[in-house]
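Below is one structure, written out as structure tokens; comments come after it.
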Amino acid sequence: PQIELHESCNSIDGGGGPGLERNLMIFLHGFGGCKDPFSQLGENLSLPKTATLVLNGPEALPEELLDNPPGYSWFDMLDEETMDFIKPTRKELRRLRSMEECCAMLAQALQGIVTCGWSLHEVFLFGYGQGGSVALELLLQMPLGGAVTVASEVLPERLHGQKAPSRTAPGVEGPEVLLINGARDRQTSVQAA
């Protein structure tokens, strides 16, 4: 699996990096989703001085699991033998290890974005569900501008004592974060967010 950026630096604003778009918003879909609906969302938001980038997760899901293929996953959610969802426990680390691999790929892609002219603090993430969990994990690792997440949480496995890599030096302020979770959400409780 890999994260692919199909735009080159030269295709952004016709020059060698950001023009009037001083910020970059990256959209990360949820489990089983894809980038297509978020492309329209990015256009509809019309964020001032902000370019948008919409990505598919690196893992294509089997079509028989999906109502509307194609669909992707950012990290392992299913046991490959049983096809049941992996239950988070203190000793079950497959989801966390898979997320760490995904975040390493995204971090590499973000370093490529830096070569296009953006600094990391000008990069913001918008994540839904599983994509929001990836956004929160990336914020633990990199000095990004911030994130908006919907129906998302830091993985319980991370909260069970698995130390996240440090993103900032002591005394350095963290990024801006907006967590949006519904009080009746059966998948992600407000307490988990």
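A note on labels: chains of the structure tokens are A, B, ... as shown, every chain counts residues from 1, and ligands are counted from 1 in their shown order.
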
query: Can you tell me, as a VMD selection string, what residues are no more than 7 Å from Gly32 (chain A) when counting only C-alpha atoms, ignoring any on the same chain fewer than 4 positions away?
result: chain A and resid 61 66 71 to 73

Long-range neighbours of Phe126 (chain A) as a PyMOL selection string, 8 Å cut-off, only C-alpha atoms, 5 positions minimum in chain: chain A and resi 25-28+131-132+135+147-149

Would you save the residues from that selection as an mmCIF file, in the first residue's frame, using N, CA and C atoms?
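Dumped to result_17.cif:
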data_model
loop_
_atom_site.group_PDB
_atom_site.id
_atom_site.type_symbol
_atom_site.label_atom_id
_atom_site.label_comp_id
_atom_site.auth_asym_id
_atom_site.auth_seq_id
_atom_site.Cartn_x
_atom_site.Cartn_y
_atom_site.Cartn_z
ATOM 1 N N MET A 25 -5.579 22.330 3.156
ATOM 2 C CA MET A 25 -6.480 21.456 3.905
ATOM 3 C C MET A 25 -6.473 20.093 3.213
ATOM 4 N N ILE A 26 -6.117 19.052 3.967
ATOM 5 C CA ILE A 26 -6.091 17.687 3.443
ATOM 6 C C ILE A 26 -7.274 16.934 4.030
ATOM 7 N N PHE A 27 -8.070 16.323 3.149
ATOM 8 C CA PHE A 27 -9.261 15.590 3.566
ATOM 9 C C PHE A 27 -8.978 14.086 3.614
ATOM 10 N N LEU A 28 -9.396 13.446 4.722
ATOM 11 C CA LEU A 28 -9.204 12.012 4.937
ATOM 12 C C LEU A 28 -10.569 11.374 5.209
ATOM 13 N N GLY A 131 -10.555 8.349 9.177
ATOM 14 C CA GLY A 131 -9.651 9.400 8.706
ATOM 15 C C GLY A 131 -9.376 10.444 9.782
ATOM 16 N N GLY A 132 -10.362 10.705 10.630
ATOM 17 C CA GLY A 132 -10.159 11.621 11.748
ATOM 18 C C GLY A 132 -9.213 11.048 12.789
ATOM 19 N N ALA A 135 -5.881 11.643 11.455
ATOM 20 C CA ALA A 135 -5.521 13.053 11.625
ATOM 21 C C ALA A 135 -5.036 13.319 13.047
ATOM 22 N N ALA A 147 -6.474 20.428 13.083
ATOM 23 C CA ALA A 147 -7.362 19.440 12.479
ATOM 24 C C ALA A 147 -8.801 19.666 12.907
ATOM 25 N N VAL A 148 -9.689 19.279 12.014
ATOM 26 C CA VAL A 148 -11.109 19.155 12.311
ATOM 27 C C VAL A 148 -11.429 17.684 12.117
ATOM 28 N N THR A 149 -12.009 17.052 13.140
ATOM 29 C CA THR A 149 -12.381 15.647 12.993
ATOM 30 C C THR A 149 -13.844 15.478 13.344
#

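Of the residues under consideration (A:Ile86, A:Leu106, A:Ile180, A:Leu53), A:Leu106 shows the shortest atom-to-atom contact distance to Gln141 (chain A) when counting only C-alpha atoms.
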
A straight line from CA of Leu93 (chain A) to CA of Val134 (chain A) spans 15.3 Å

| said: Which residues are near Arg94 (chain A)? Cut-off 10 Å, only C-alpha atoms, ignore same chain within fewer than 2 positions. Put them as a list in words. | reply: Phe75, Asp76, Met77, Leu78, Asp79, Ile86, Lys87, Pro88, Lys91, Glu92, Leu96, Arg97, Ser98, Met99, Glu100 and Glu157 of chain A

Exercise for the section: Enumerate as a ChimeraX atom specification all residues of region 16-51 of chain A assigned to alpha helix (DSSP H) by DSSP on the backbone, naming them with the chain letters and numbers the document uses. Expected result: /A:36-45

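The strand (DSSP E or B) portion of region 9-64 of chain A consists of Asn23, Leu24, Met25, Ile26, Phe27, Leu28, Gly33, Thr50, Ala51, Thr52, Leu53, Val54, Leu55, Glu59 and Ala60 of chain A, with states taken from DSSP on the backbone.
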
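CA of Glu153 (chain A) to CA of Thr188 (chain A) spans 6.9 Å [interatomic distance, one decimal].
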
Min atom-atom distance to Val54 (chain A) from the set A:Ser119, A:Glu80, A:Val154, A:Gly127, counting only C-alpha atoms, belongs to A:Gly127

If we count only C-alpha atoms, what is near Arg22 (chain A) at a cut-off of 8 Å, once residues fewer than 4 positions away on the same chain are taken out, given as a PyMOL selection string? chain A and resi 18+49-51+118+122

Those selected residues, please, written with C-alpha atoms and delivered as an mmCIF file, in the first residue's frame.
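Output below, filename selection.cif:
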data_model
loop_
_atom_site.group_PDB
_atom_site.id
_atom_site.type_symbol
_atom_site.label_atom_id
_atom_site.label_comp_id
_atom_site.auth_asym_id
_atom_site.auth_seq_id
_atom_site.Cartn_x
_atom_site.Cartn_y
_atom_site.Cartn_z
ATOM 1 C CA PRO A 18 1.408 27.877 -3.147
ATOM 2 C CA LYS A 49 -6.417 31.379 0.895
ATOM 3 C CA THR A 50 -6.632 27.570 1.230
ATOM 4 C CA ALA A 51 -5.882 24.883 -1.313
ATOM 5 C CA TRP A 118 4.033 25.012 2.376
ATOM 6 C CA GLU A 122 0.170 25.765 7.182
#

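In this structure, CA of Arg90 (chain A) sits 28.1 Å away from CA of Pro62 (chain A).
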